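What follows is the content of query_10.txt, which has compact mmCIF, C-alpha atoms and all ligand atoms:
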# COMPACT_ATOMS: atom_id res chain seq x y z
CA MET A 2 -2.87 10.58 3.32
CA ASP A 3 -1.44 9.04 6.46
CA ASP A 4 -2.86 5.54 6.23
CA PRO A 5 -4.54 3.46 3.55
CA ILE A 6 -7.51 2.10 5.50
CA SER A 7 -9.98 4.96 5.17
CA PHE A 8 -9.22 5.19 1.45
CA ILE A 9 -9.84 1.45 0.99
CA ASN A 10 -13.12 1.63 2.90
CA ALA A 11 -14.28 4.56 0.76
CA SER A 12 -13.35 2.73 -2.46
CA PRO A 13 -15.54 -0.33 -3.03
CA THR A 14 -15.07 -0.05 -6.83
CA PRO A 15 -12.47 1.46 -9.22
CA PHE A 16 -14.88 4.39 -9.78
CA HIS A 17 -14.75 5.22 -6.09
CA ALA A 18 -10.98 4.65 -5.91
CA VAL A 19 -10.44 7.20 -8.70
CA ARG A 20 -12.85 9.63 -7.05
CA GLU A 21 -10.93 9.33 -3.76
CA ALA A 22 -7.57 9.64 -5.53
CA ARG A 23 -8.74 12.73 -7.35
CA ALA A 24 -9.99 14.30 -4.10
CA HIS A 25 -6.69 13.61 -2.37
CA LEU A 26 -4.60 14.98 -5.21
CA THR A 27 -6.66 18.15 -5.70
CA SER A 28 -6.33 18.82 -1.95
CA GLN A 29 -2.56 18.68 -2.56
CA GLY A 30 -2.75 21.26 -5.36
CA PHE A 31 -3.03 18.99 -8.39
CA GLN A 32 -5.02 20.58 -11.20
CA PRO A 33 -7.52 18.34 -13.01
CA LEU A 34 -7.19 18.19 -16.80
CA ARG A 35 -9.61 16.65 -19.31
CA GLU A 36 -8.38 14.64 -22.27
CA GLU A 37 -10.79 16.47 -24.59
CA ASP A 38 -9.34 19.92 -23.77
CA ALA A 39 -6.20 21.70 -24.99
CA TRP A 40 -3.58 21.89 -22.24
CA THR A 41 -1.01 24.52 -21.30
CA LEU A 42 1.39 22.86 -18.92
CA GLN A 43 3.72 24.93 -16.73
CA PRO A 44 7.09 24.02 -15.15
CA GLY A 45 6.47 23.23 -11.50
CA GLY A 46 2.84 22.39 -12.28
CA ARG A 47 0.92 19.51 -10.68
CA TYR A 48 -1.75 17.88 -12.81
CA LEU A 49 -4.09 14.91 -12.96
CA VAL A 50 -6.20 13.35 -15.69
CA THR A 51 -8.68 10.47 -15.62
CA ARG A 52 -10.06 8.09 -18.21
CA ASN A 53 -13.34 6.18 -17.95
CA ASP A 54 -13.54 7.42 -14.33
CA THR A 55 -11.61 4.25 -13.40
CA SER A 56 -8.02 5.06 -14.41
CA LEU A 57 -6.02 8.10 -13.32
CA ALA A 58 -2.62 9.60 -14.06
CA ALA A 59 -1.07 12.42 -12.04
CA PHE A 60 2.25 14.16 -12.51
CA THR A 61 4.48 16.98 -11.39
CA LEU A 62 6.63 18.86 -13.88
CA PRO A 63 10.11 19.83 -12.71
CA VAL A 64 10.98 23.50 -12.36
CA HIS A 65 14.55 22.92 -13.45
CA SER A 66 15.40 19.92 -15.51
CA ALA A 67 17.96 18.21 -17.59
CA GLN A 68 16.68 17.94 -21.17
CA PRO A 69 14.88 15.71 -21.76
CA PRO A 70 13.61 15.18 -18.20
CA PRO A 71 13.57 11.54 -17.09
CA LEU A 72 10.21 10.01 -16.24
CA LEU A 73 9.93 8.62 -12.71
CA LEU A 74 6.75 6.60 -13.03
CA ALA A 75 4.96 4.59 -10.34
CA ALA A 76 2.13 2.39 -11.63
CA ALA A 77 -0.55 0.32 -9.90
CA HIS A 78 -4.11 -0.84 -10.57
CA THR A 79 -7.45 0.35 -9.24
CA ASP A 80 -9.47 -2.83 -9.81
CA SER A 81 -9.83 -6.01 -7.73
CA PRO A 82 -11.64 -9.29 -8.26
CA ALA A 83 -15.38 -8.80 -7.78
CA LEU A 84 -18.87 -10.04 -8.57
CA LYS A 85 -20.51 -7.77 -11.14
CA VAL A 86 -24.22 -7.38 -11.84
CA LYS A 87 -25.19 -8.61 -15.31
CA PRO A 88 -27.23 -6.48 -17.79
CA ASN A 89 -30.43 -8.37 -16.98
CA PRO A 90 -29.92 -8.12 -13.24
CA LEU A 91 -32.48 -10.44 -11.71
CA LYS A 92 -33.35 -14.05 -12.33
CA ARG A 93 -36.10 -16.04 -10.76
CA LYS A 94 -35.69 -19.36 -9.00
CA LYS A 95 -39.00 -20.62 -7.66
CA ASP A 96 -40.16 -17.84 -5.34
CA HIS A 97 -36.87 -15.96 -5.13
CA LEU A 98 -35.46 -13.13 -7.21
CA LEU A 99 -31.69 -13.42 -7.33
CA LEU A 100 -28.99 -11.07 -8.56
CA ASP A 101 -27.42 -12.56 -11.67
CA LEU A 102 -23.68 -12.06 -11.25
CA ALA A 103 -20.53 -12.41 -13.32
CA VAL A 104 -17.16 -13.15 -11.77
CA TYR A 105 -14.63 -10.37 -12.49
CA GLY A 106 -11.01 -11.50 -12.30
CA SER A 107 -9.59 -14.46 -10.41
CA ALA A 108 -11.54 -14.23 -7.18
CA ILE A 109 -11.26 -16.88 -4.44
CA LEU A 110 -14.95 -17.66 -4.77
CA ALA A 111 -15.38 -19.44 -1.43
CA THR A 112 -14.60 -16.19 0.41
CA TRP A 113 -17.77 -14.57 -0.98
CA PHE A 114 -20.17 -16.86 0.86
CA ASP A 115 -21.96 -15.72 4.03
CA ARG A 116 -20.63 -12.16 3.83
CA ASP A 117 -22.73 -9.03 4.44
CA LEU A 118 -22.69 -7.75 0.87
CA SER A 119 -23.58 -4.34 -0.50
CA LEU A 120 -23.64 -2.86 -3.97
CA ALA A 121 -21.65 0.00 -5.49
CA GLY A 122 -20.56 1.43 -8.84
CA ARG A 123 -21.83 3.77 -11.52
CA ILE A 124 -25.32 4.16 -12.96
CA ASP A 125 -26.05 5.86 -16.28
CA TYR A 126 -29.56 7.23 -16.76
CA LEU A 127 -31.77 9.78 -18.48
CA ASP A 128 -32.79 12.50 -16.04
CA SER A 129 -36.05 14.42 -16.04
CA ALA A 130 -34.68 16.77 -18.73
CA GLN A 131 -33.87 13.78 -20.95
CA ARG A 132 -30.15 14.33 -20.44
CA LEU A 133 -27.90 11.29 -20.30
CA THR A 134 -26.05 11.54 -17.03
CA HIS A 135 -24.44 9.30 -14.45
CA GLN A 136 -23.92 8.98 -10.73
CA LEU A 137 -21.71 6.90 -8.45
CA ILE A 138 -23.68 4.97 -5.90
CA ASP A 139 -22.83 2.98 -2.81
CA LEU A 140 -25.76 1.40 -0.98
CA THR A 141 -23.41 1.00 2.08
CA GLU A 142 -25.75 -1.31 4.00
CA PRO A 143 -25.82 -5.09 3.55
CA VAL A 144 -28.47 -5.66 0.88
CA THR A 145 -27.73 -9.22 -0.12
CA ARG A 146 -25.61 -12.29 0.61
CA ILE A 147 -24.66 -15.61 -0.93
CA PRO A 148 -25.58 -18.25 1.66
CA ASN A 149 -23.57 -21.42 1.98
CA LEU A 150 -25.42 -24.70 1.79
CA ALA A 151 -25.75 -26.31 5.23
CA ILE A 152 -23.25 -29.07 5.81
CA HIS A 153 -26.14 -31.48 6.49
CA LEU A 154 -27.11 -31.03 2.84
CA ASN A 155 -23.54 -31.11 1.57
CA ARG A 156 -21.46 -33.61 3.53
CA THR A 157 -18.43 -33.03 1.28
CA ALA A 158 -18.32 -29.29 1.98
CA ASN A 159 -14.93 -29.60 3.69
CA ASP A 160 -13.46 -31.74 0.95
CA ASP A 161 -12.01 -30.40 -2.25
CA THR A 162 -15.25 -28.75 -3.32
CA LYS A 163 -15.60 -27.04 -6.69
CA ILE A 164 -17.84 -23.98 -7.00
CA ASN A 165 -19.92 -23.50 -10.13
CA PRO A 166 -20.01 -19.69 -10.45
CA HIS A 167 -23.08 -19.68 -12.71
CA GLU A 168 -25.22 -21.85 -10.46
CA GLU A 169 -23.90 -21.11 -6.98
CA LEU A 170 -22.91 -17.44 -7.03
CA SER A 171 -26.30 -15.80 -7.37
CA ALA A 172 -27.29 -13.48 -4.55
CA PRO A 173 -30.90 -13.45 -3.30
CA TRP A 174 -32.37 -9.97 -3.72
CA LEU A 175 -36.00 -10.51 -2.75
CA SER A 176 -38.34 -13.29 -1.82
CA ILE A 177 -41.63 -13.17 -3.66
CA PRO A 178 -43.97 -15.59 -1.90
CA CYS A 179 -46.94 -14.30 -3.88
CA GLU A 180 -47.14 -13.01 -7.43
CA THR A 181 -46.40 -9.29 -7.70
CA GLY A 182 -47.96 -8.93 -11.10
CA GLU A 183 -44.85 -7.05 -12.19
CA THR A 184 -44.13 -7.47 -15.90
CA ASP A 185 -40.55 -6.11 -15.89
CA PRO A 186 -38.43 -8.72 -14.10
CA ALA A 187 -35.73 -6.11 -13.37
CA ARG A 188 -38.18 -3.65 -11.77
CA PRO A 189 -37.46 -4.40 -8.06
CA PHE A 190 -33.76 -3.90 -8.72
CA LEU A 191 -34.21 -0.69 -10.73
CA GLU A 192 -36.46 0.76 -8.02
CA ARG A 193 -33.73 0.39 -5.42
CA LEU A 194 -31.22 2.11 -7.70
CA GLU A 195 -33.66 4.95 -8.42
CA GLN A 196 -34.19 5.46 -4.69
CA GLU A 197 -30.44 5.71 -4.20
CA ILE A 198 -30.00 8.23 -7.02
CA ALA A 199 -32.83 10.35 -5.63
CA ARG A 200 -31.40 10.13 -2.11
CA GLN A 201 -28.04 11.48 -3.31
CA ASP A 202 -29.52 14.14 -5.58
CA PRO A 203 -33.19 15.01 -5.01
CA HIS A 204 -33.17 17.03 -8.25
CA ALA A 205 -31.93 14.17 -10.39
CA MET A 206 -35.26 12.35 -10.52
CA PRO A 207 -34.11 9.60 -12.86
CA ILE A 208 -36.77 8.63 -15.27
CA ARG A 209 -34.92 5.85 -17.03
CA ILE A 210 -31.87 3.85 -16.00
CA LEU A 211 -30.04 2.75 -19.13
CA GLY A 212 -26.86 1.13 -17.91
CA TRP A 213 -24.67 0.29 -14.95
CA ASP A 214 -21.29 -0.96 -13.84
CA LEU A 215 -22.10 -2.31 -10.40
CA SER A 216 -20.26 -4.73 -8.14
CA LEU A 217 -20.99 -6.45 -4.89
CA TYR A 218 -18.58 -5.77 -2.04
CA ASP A 219 -18.16 -6.83 1.57
CA THR A 220 -19.43 -4.24 4.06
CA GLN A 221 -16.99 -5.38 6.76
CA PRO A 222 -14.46 -2.54 6.72
CA ALA A 223 -10.72 -2.98 6.40
CA THR A 224 -8.99 -2.71 9.75
CA VAL A 225 -5.78 -3.25 11.69
CA ALA A 226 -5.51 -6.64 13.41
CA GLY A 227 -3.06 -8.94 15.22
CA VAL A 228 -1.83 -9.10 18.83
CA ASN A 229 0.70 -6.40 18.02
CA ARG A 230 -1.59 -4.68 15.52
CA GLN A 231 0.81 -5.98 12.90
CA TRP A 232 -1.64 -6.63 10.06
CA ILE A 233 -3.87 -4.67 7.73
CA VAL A 234 -6.82 -6.89 6.78
CA GLY A 235 -9.58 -6.19 4.30
CA ALA A 236 -10.78 -6.45 0.74
CA ARG A 237 -8.94 -4.90 -2.21
CA LEU A 238 -5.55 -4.62 -0.46
CA ASP A 239 -4.43 -5.83 -3.91
CA ASN A 240 -3.95 -3.24 -5.17
CA LEU A 241 -5.24 -0.26 -3.18
CA LEU A 242 -2.32 -0.55 -0.75
CA SER A 243 -0.06 0.30 -3.68
CA VAL A 244 -2.42 3.02 -4.98
CA THR A 245 -2.52 4.75 -1.60
CA ALA A 246 1.26 4.56 -1.11
CA ILE A 247 1.80 6.16 -4.52
CA LEU A 248 -0.74 8.90 -3.78
CA ALA A 249 0.81 9.60 -0.38
CA ALA A 250 4.30 9.96 -1.84
CA LEU A 251 3.29 11.96 -4.91
CA GLY A 252 1.08 14.28 -2.88
CA ARG A 253 4.04 15.27 -0.71
CA HIS A 254 6.48 15.49 -3.59
CA ASP A 255 8.16 18.85 -4.17
CA PRO A 256 8.66 19.54 -7.90
CA THR A 257 11.38 22.10 -7.22
CA THR A 258 13.83 19.40 -6.10
CA PRO A 259 14.17 16.78 -8.84
CA PRO A 260 15.27 16.86 -12.45
CA GLY A 261 12.53 14.43 -13.51
CA ILE A 262 8.79 14.16 -14.08
CA ALA A 263 7.23 12.37 -11.09
CA MET A 264 4.14 10.48 -12.26
CA ALA A 265 1.52 8.08 -10.93
CA ALA A 266 -0.42 5.84 -13.35
CA LEU A 267 -3.35 3.95 -11.82
CA PHE A 268 -5.01 1.58 -14.26
CA ASP A 269 -8.31 -0.27 -14.31
CA HIS A 270 -8.72 -3.81 -15.69
CA GLU A 271 -5.42 -5.32 -14.57
CA GLU A 272 -7.26 -8.28 -13.07
CA VAL A 273 -8.65 -9.22 -16.48
CA GLY A 274 -5.52 -8.70 -18.58
CA SER A 275 -5.43 -4.88 -18.98
CA LEU A 276 -6.87 -4.91 -22.52
CA SER A 277 -9.42 -2.08 -22.51
CA MET A 278 -9.68 1.62 -23.32
CA ALA A 279 -8.52 2.48 -19.81
CA GLY A 280 -6.24 -0.46 -19.00
CA ALA A 281 -2.46 -0.60 -19.10
CA THR A 282 -2.46 -1.85 -22.70
CA SER A 283 -4.49 1.20 -23.82
CA ASN A 284 -3.00 4.41 -25.23
CA PHE A 285 -3.84 6.34 -22.03
CA LEU A 286 -0.26 6.67 -20.85
CA ALA A 287 1.33 7.04 -24.29
CA SER A 288 -1.22 9.73 -25.18
CA LEU A 289 -0.46 11.60 -21.96
CA LEU A 290 3.30 11.44 -22.48
CA GLY A 291 2.80 12.67 -26.04
CA ARG A 292 1.30 15.84 -24.59
CA ILE A 293 4.00 16.33 -21.94
CA TYR A 294 7.11 15.76 -24.04
CA PRO A 295 7.32 18.17 -26.99
CA ASP A 296 7.92 15.53 -29.68
CA PRO A 297 8.38 11.76 -30.08
CA VAL A 298 12.16 12.03 -30.36
CA THR A 299 12.44 13.86 -27.04
CA LEU A 300 10.21 11.23 -25.44
CA ALA A 301 12.31 8.43 -26.90
CA ARG A 302 15.49 10.09 -25.64
CA ALA A 303 14.02 10.39 -22.14
CA MET A 304 13.03 6.74 -21.76
CA PRO A 305 16.44 5.05 -21.24
CA ASN A 306 17.12 7.45 -18.36
CA SER A 307 13.69 6.88 -16.82
CA LEU A 308 12.41 4.23 -14.42
CA LEU A 309 9.06 2.56 -13.80
CA LEU A 310 8.14 1.07 -10.45
CA SER A 311 5.25 -1.29 -11.16
CA ILE A 312 3.71 -1.83 -7.75
CA ASP A 313 1.44 -4.76 -7.04
CA ASN A 314 1.13 -7.12 -4.11
CA ALA A 315 3.52 -10.04 -3.69
CA HIS A 316 2.86 -13.46 -2.15
CA GLY A 317 3.98 -13.44 1.48
CA TYR A 318 5.28 -16.73 2.83
CA HIS A 319 2.33 -18.70 4.25
CA PRO A 320 3.39 -20.92 7.18
CA ASN A 321 0.58 -23.43 6.52
CA TYR A 322 1.65 -23.97 2.91
CA PRO A 323 5.46 -23.97 2.94
CA ALA A 324 5.71 -26.15 -0.16
CA LYS A 325 3.99 -23.50 -2.29
CA GLN A 326 6.98 -21.18 -2.36
CA ASP A 327 10.61 -21.37 -3.35
CA ASP A 328 12.16 -21.75 0.09
CA ASN A 329 15.05 -19.54 -0.97
CA HIS A 330 12.63 -16.70 -1.82
CA THR A 331 10.08 -16.46 0.99
CA PRO A 332 9.08 -12.85 1.68
CA GLN A 333 7.65 -12.31 5.15
CA LEU A 334 4.95 -9.85 6.15
CA ASN A 335 6.40 -6.76 7.87
CA ALA A 336 9.92 -7.55 6.67
CA GLY A 337 10.11 -5.15 3.74
CA ILE A 338 9.05 -4.42 0.18
CA VAL A 339 9.37 -7.33 -2.23
CA ILE A 340 11.21 -7.10 -5.55
CA LYS A 341 9.62 -9.60 -7.94
CA GLN A 342 11.58 -11.28 -10.70
CA HIS A 343 10.69 -13.91 -13.27
CA ALA A 344 13.14 -15.37 -15.74
CA ASN A 345 10.45 -15.49 -18.46
CA GLN A 346 9.38 -11.83 -18.06
CA ARG A 347 6.08 -12.24 -16.26
CA TYR A 348 7.71 -9.52 -14.16
CA ALA A 349 9.78 -6.86 -15.92
CA THR A 350 12.54 -6.60 -13.30
CA SER A 351 16.11 -7.19 -14.46
CA GLY A 352 19.26 -7.44 -12.39
CA ALA A 353 20.14 -3.92 -13.48
CA THR A 354 16.79 -2.36 -12.59
CA ALA A 355 16.64 -4.27 -9.28
CA ALA A 356 20.05 -2.78 -8.48
CA ARG A 357 18.71 0.75 -9.03
CA VAL A 358 15.91 0.14 -6.52
CA LYS A 359 18.29 -1.48 -4.04
CA ALA A 360 20.50 1.60 -4.25
CA LEU A 361 17.46 3.80 -3.45
CA ALA A 362 16.49 1.54 -0.53
CA LEU A 363 20.04 1.67 0.83
CA ARG A 364 19.93 5.45 0.67
CA ALA A 365 16.70 5.49 2.72
CA ALA A 366 17.69 2.56 5.00
CA LEU A 367 14.63 0.53 3.91
CA PRO A 368 14.40 -3.29 4.00
CA LEU A 369 13.84 -5.20 0.76
CA GLN A 370 13.02 -8.85 0.05
CA GLU A 371 13.20 -10.96 -3.09
CA PHE A 372 10.52 -13.12 -4.69
CA THR A 373 10.55 -15.50 -7.56
CA VAL A 374 8.10 -18.32 -8.13
CA ARG A 375 9.03 -22.00 -7.79
CA ALA A 376 10.49 -23.36 -11.03
CA ASP A 377 7.64 -25.91 -11.24
CA MET A 378 4.81 -23.36 -10.89
CA ALA A 379 3.23 -20.78 -13.17
CA CYS A 380 3.77 -17.13 -12.27
CA GLY A 381 1.27 -14.29 -12.03
CA SER A 382 1.88 -10.99 -13.76
CA THR A 383 0.89 -7.32 -13.56
CA VAL A 384 1.13 -4.03 -15.47
CA GLY A 385 4.95 -3.87 -15.35
CA PRO A 386 5.77 -5.91 -18.46
CA THR A 387 2.96 -4.24 -20.45
CA VAL A 388 4.04 -0.67 -19.73
CA ALA A 389 7.72 -1.56 -20.08
CA ALA A 390 7.05 -2.95 -23.56
CA GLN A 391 4.87 -0.01 -24.63
CA LEU A 392 7.23 2.76 -23.55
CA GLY A 393 10.64 1.10 -23.61
CA ILE A 394 11.13 2.15 -20.00
CA PRO A 395 13.43 0.27 -17.57
CA THR A 396 11.14 -1.33 -15.00
CA VAL A 397 11.04 -2.99 -11.60
CA ASP A 398 8.06 -5.01 -10.39
CA LEU A 399 7.70 -4.81 -6.65
CA GLY A 400 5.01 -4.84 -3.98
CA LEU A 401 3.91 -5.55 -0.44
CA PRO A 402 3.94 -9.14 0.88
CA THR A 403 0.35 -10.32 1.26
CA TRP A 404 -1.54 -13.41 2.40
CA ALA A 405 -4.63 -14.71 0.62
CA MET A 406 -4.34 -12.54 -2.47
CA HIS A 407 -7.74 -12.28 -4.23
CA SER A 408 -9.62 -13.33 -1.10
CA LEU A 409 -12.42 -11.04 0.04
CA ARG A 410 -10.31 -10.59 3.18
CA GLU A 411 -6.61 -10.21 2.39
CA THR A 412 -3.80 -9.62 4.92
CA ALA A 413 -0.67 -7.48 4.67
CA GLY A 414 1.85 -6.02 7.14
CA THR A 415 1.32 -2.60 8.73
CA THR A 416 4.98 -1.51 8.61
CA ASP A 417 5.44 -2.50 4.97
CA TRP A 418 3.06 0.21 3.72
CA ASP A 419 5.08 2.93 5.47
CA HIS A 420 8.25 1.52 3.93
CA LEU A 421 6.67 1.68 0.49
CA VAL A 422 5.70 5.33 0.93
CA ARG A 423 9.26 6.14 1.96
CA LEU A 424 10.75 4.22 -0.96
CA LEU A 425 8.47 6.10 -3.36
CA ALA A 426 9.48 9.44 -1.83
CA VAL A 427 13.15 8.76 -2.50
CA PHE A 428 12.26 7.33 -5.93
CA PHE A 429 10.41 10.46 -7.06
CA THR A 430 13.40 12.55 -6.00
CA ASN A 431 16.39 10.35 -6.86
CA GLY A 432 15.03 7.61 -9.13
CA HIS A 433 17.01 8.90 -12.11
CA GLU A 434 20.28 8.11 -10.37
CA GLY A 435 22.15 5.01 -11.42
CA ARG A 436 20.72 5.16 -14.93
CA ARG A 437 22.67 3.32 -17.55
ZN ZN B 501 -2.75 -6.87 -8.18

As structure tokens, what does this structure read like?
Ligand code: ZN
Amino acid sequence: MDDPISFINASPTPFHAVREARAHLTSQGFQPLREEDAWTLQPGGRYLVTRNDTSLAAFTLPVHSAQPPPLLLAAAHTDSPALKVKPNPLKRKKDHLLLDLAVYGSAILATWFDRDLSLAGRIDYLDSAQRLTHQLIDLTEPVTRIPNLAIHLNRTANDDTKINPHEELSAPWLSIPCETGETDPARPFLERLEQEIARQDPHAMPIRILGWDLSLYDTQPATVAGVNRQWIVGARLDNLLSVTAILAALGRHDPTTPPGIAMAALFDHEEVGSLSMAGATSNFLASLLGRIYPDPVTLARAMPNSLLLSIDNAHGYHPNYPAKQDDNHTPQLNAGIVIKQHANQRYATSGATAARVKALALRAALPLQEFTVRADMACGSTVGPTVAAQLGIPTVDLGLPTWAMHSLRETAGTTDWDHLVRLLAVFFTNGHEGRR
């Protein structure tokens, strides 16, 4: 993986992100495992395992190791704010059928208006043999949109306008100027999904769709922009920039060199608090480690010598809103990876763990920046504190400086991603150094 953009464009949902991650890792020799099977793990082996098709962990086992081997863990999340299709997908307003949508995570809602939106995710259905099966779909073309109201009908549109997500974020699917006679109000929606399943697999012939996890996404692809091509712009940079950097570094990692277990953990559901069967608060990671380390005591002995890099985007300094950031902690785009600290543990970084990362960055001659929120503002959070608390693993929260986080069109620096890949490469090899 040489750049993140093609991965982001192929990953409109966490399902697709995990599919892409799995494809990349298997091309690098990682062997897929299933949680329901018995495993025989070999020194020098490279493995991956998924849960719910939306979270993924991958790891390399050292050939030679101190006992117990330290865990060098890089974590990120596969999900992003989105608009998700509700179980009863269509609602009628006069002579329009509209997609009934739920807001997932803390989206900047105004950025979803007037975009060329498509639909992607997973469909579960009974096939012609009455088997319950599923398929990932991506309609790829713009199939709907959420139109703004003309300014002539809303003279306060440029004032501090509040958006009611229930009333204003429904996406027209079809106009029905005359009665169709259709008794199932979801039928026009289901027909389009059935067409897509049949297009992908002519033998599938779905006879009954029973469930879905589908999201709208913007069809405008992520790209490089700026007079010096200095920006990556697109949807889901938070947090697929981190996911792709981890995959790039782990894919190239040589298990014969380090004394530790190099591991990537990519979780779903961070944007809604991580509490799910596949999120960072689940037993996914603990269960995996229980199968890698021979017993709980060995695992416990390994943790103090281990390190977690929890990687999630950071707020880059925005020149139009200088008062929104602590002017002594203003990370700039393209000026280096950001270490995030918070006195009240919304980030898990300590002075000691920050020092370990700074030592790695010095070794690789990589720039770092520091972020902490203004003392009079609330702070965001991410998977770092959750995983740190679950495992008892020393942790650093860090990430790439980004503008407009949770917009449908975020911006980050092009050089920062390369720096993150290089930091992760030295982390997977030397991250155990400087342990306390
Ligand atoms: Zn994030």

Determine, using all atoms listed in the file, which residues of chain A have any atom at most 10 Å from an atom of ligand ZN 501 (chain B), and tabulate each with its shortest atom pair and distance in Å to one decimal place, rows ordered by chain and then rising number, as JSON lines.
{"residue": "A:Ala77", "atom": "CA", "partner": "B:ZN501", "partner_atom": "ZN", "distance": 7.7}
{"residue": "A:His78", "atom": "CA", "partner": "B:ZN501", "partner_atom": "ZN", "distance": 6.6}
{"residue": "A:Thr79", "atom": "CA", "partner": "B:ZN501", "partner_atom": "ZN", "distance": 8.7}
{"residue": "A:Asp80", "atom": "CA", "partner": "B:ZN501", "partner_atom": "ZN", "distance": 8.0}
{"residue": "A:Ser81", "atom": "CA", "partner": "B:ZN501", "partner_atom": "ZN", "distance": 7.1}
{"residue": "A:Pro82", "atom": "CA", "partner": "B:ZN501", "partner_atom": "ZN", "distance": 9.2}
{"residue": "A:Arg237", "atom": "CA", "partner": "B:ZN501", "partner_atom": "ZN", "distance": 8.8}
{"residue": "A:Leu238", "atom": "CA", "partner": "B:ZN501", "partner_atom": "ZN", "distance": 8.5}
{"residue": "A:Asp239", "atom": "CA", "partner": "B:ZN501", "partner_atom": "ZN", "distance": 4.7}
{"residue": "A:Asn240", "atom": "CA", "partner": "B:ZN501", "partner_atom": "ZN", "distance": 4.9}
{"residue": "A:Leu241", "atom": "CA", "partner": "B:ZN501", "partner_atom": "ZN", "distance": 8.7}
{"residue": "A:Leu242", "atom": "CA", "partner": "B:ZN501", "partner_atom": "ZN", "distance": 9.8}
{"residue": "A:Ser243", "atom": "CA", "partner": "B:ZN501", "partner_atom": "ZN", "distance": 8.9}
{"residue": "A:Glu271", "atom": "CA", "partner": "B:ZN501", "partner_atom": "ZN", "distance": 7.1}
{"residue": "A:Glu272", "atom": "CA", "partner": "B:ZN501", "partner_atom": "ZN", "distance": 6.8}
{"residue": "A:Ile312", "atom": "CA", "partner": "B:ZN501", "partner_atom": "ZN", "distance": 8.2}
{"residue": "A:Asp313", "atom": "CA", "partner": "B:ZN501", "partner_atom": "ZN", "distance": 4.8}
{"residue": "A:Asn314", "atom": "CA", "partner": "B:ZN501", "partner_atom": "ZN", "distance": 5.6}
{"residue": "A:Ala315", "atom": "CA", "partner": "B:ZN501", "partner_atom": "ZN", "distance": 8.3}
{"residue": "A:Gly381", "atom": "CA", "partner": "B:ZN501", "partner_atom": "ZN", "distance": 9.3}
{"residue": "A:Ser382", "atom": "CA", "partner": "B:ZN501", "partner_atom": "ZN", "distance": 8.3}
{"residue": "A:Thr383", "atom": "CA", "partner": "B:ZN501", "partner_atom": "ZN", "distance": 6.5}
{"residue": "A:Val384", "atom": "CA", "partner": "B:ZN501", "partner_atom": "ZN", "distance": 8.7}
{"residue": "A:Gly400", "atom": "CA", "partner": "B:ZN501", "partner_atom": "ZN", "distance": 9.1}
{"residue": "A:Met406", "atom": "CA", "partner": "B:ZN501", "partner_atom": "ZN", "distance": 8.2}
{"residue": "A:His407", "atom": "CA", "partner": "B:ZN501", "partner_atom": "ZN", "distance": 8.4}

For atom CA of Thr350 of chain A and atom CA of Met378 of chain A, the interatomic separation in Å (one decimal) | 18.6 Å

Rank A:Trp174, A:Tyr348, A:His25, A:Arg132 by their smallest atom-to-atom distance to Arg188 of chain A, using all atoms listed in the file, and report the top residue only.
->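 Using all atoms listed in the file, Arg188 of chain A sits closest to A:Trp174.
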
Which polymer residues, protein or nucleic acid, are no farther than 12 Å from (4.8, -20.3, -12.6), counting all atoms listed in the file, as a list in words?
-> Lys325, Gln326, Asp327, Gln342, His343, Ala344, Asn345, Gln346, Arg347, Tyr348, Thr373, Val374, Arg375, Ala376, Asp377, Met378, Ala379, Cys380, Gly381 and Ser382 of chain A

Using C-alpha atoms, can you write the selected residues to a file as a CSV table (one decimal), in the frame of the given file?
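Result went into part_14.csv, see below:
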chain,number,residue,atom,x,y,z
A,325,LYS,CA,4.0,-23.5,-2.3
A,326,GLN,CA,7.0,-21.2,-2.4
A,327,ASP,CA,10.6,-21.4,-3.4
A,342,GLN,CA,11.6,-11.3,-10.7
A,343,HIS,CA,10.7,-13.9,-13.3
A,344,ALA,CA,13.1,-15.4,-15.7
A,345,ASN,CA,10.4,-15.5,-18.5
A,346,GLN,CA,9.4,-11.8,-18.1
A,347,ARG,CA,6.1,-12.2,-16.3
A,348,TYR,CA,7.7,-9.5,-14.2
A,373,THR,CA,10.6,-15.5,-7.6
A,374,VAL,CA,8.1,-18.3,-8.1
A,375,ARG,CA,9.0,-22.0,-7.8
A,376,ALA,CA,10.5,-23.4,-11.0
A,377,ASP,CA,7.6,-25.9,-11.2
A,378,MET,CA,4.8,-23.4,-10.9
A,379,ALA,CA,3.2,-20.8,-13.2
A,380,CYS,CA,3.8,-17.1,-12.3
A,381,GLY,CA,1.3,-14.3,-12.0
A,382,SER,CA,1.9,-11.0,-13.8

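For the pair atom CA of Val144 of chain A and atom CA of Ser12 of chain A, the separation is 17.6 Å.
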
Atom CA of Ser216 of chain A sits from atom CA of Leu84 of chain A at a separation of 5.5 Å

Gly30 of chain A surroundings by only C-alpha atoms, 7 Å radius, close-in-sequence under 3 positions cut, as a PDB file with C-alpha atoms, in the frame of the given file:
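So around-v4.pdb came out as:
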ATOM      1  CA  LEU A  26      -4.600  14.980  -5.210  1.00  0.00           C
ATOM      2  CA  THR A  27      -6.660  18.150  -5.700  1.00  0.00           C
ATOM      3  CA  ARG A  47       0.920  19.510 -10.680  1.00  0.00           C
TER       4      ARG A  47
END

Of the residues A:Pro143, A:Pro69, A:Pro256, A:Gly227, which is the one nearest to Gly46 of chain A, using all atoms listed in the file?
->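 Among the listed residues, A:Pro256 lies closest to Gly46 of chain A.
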
Residues around (9.8, 1.0, -15.8), cut-off 10 Å, counting only C-alpha atoms - what are they as a ChimeraX atom specification?
-> /A:72-76,304-305,307-311,349-350,354,385-390,392-398
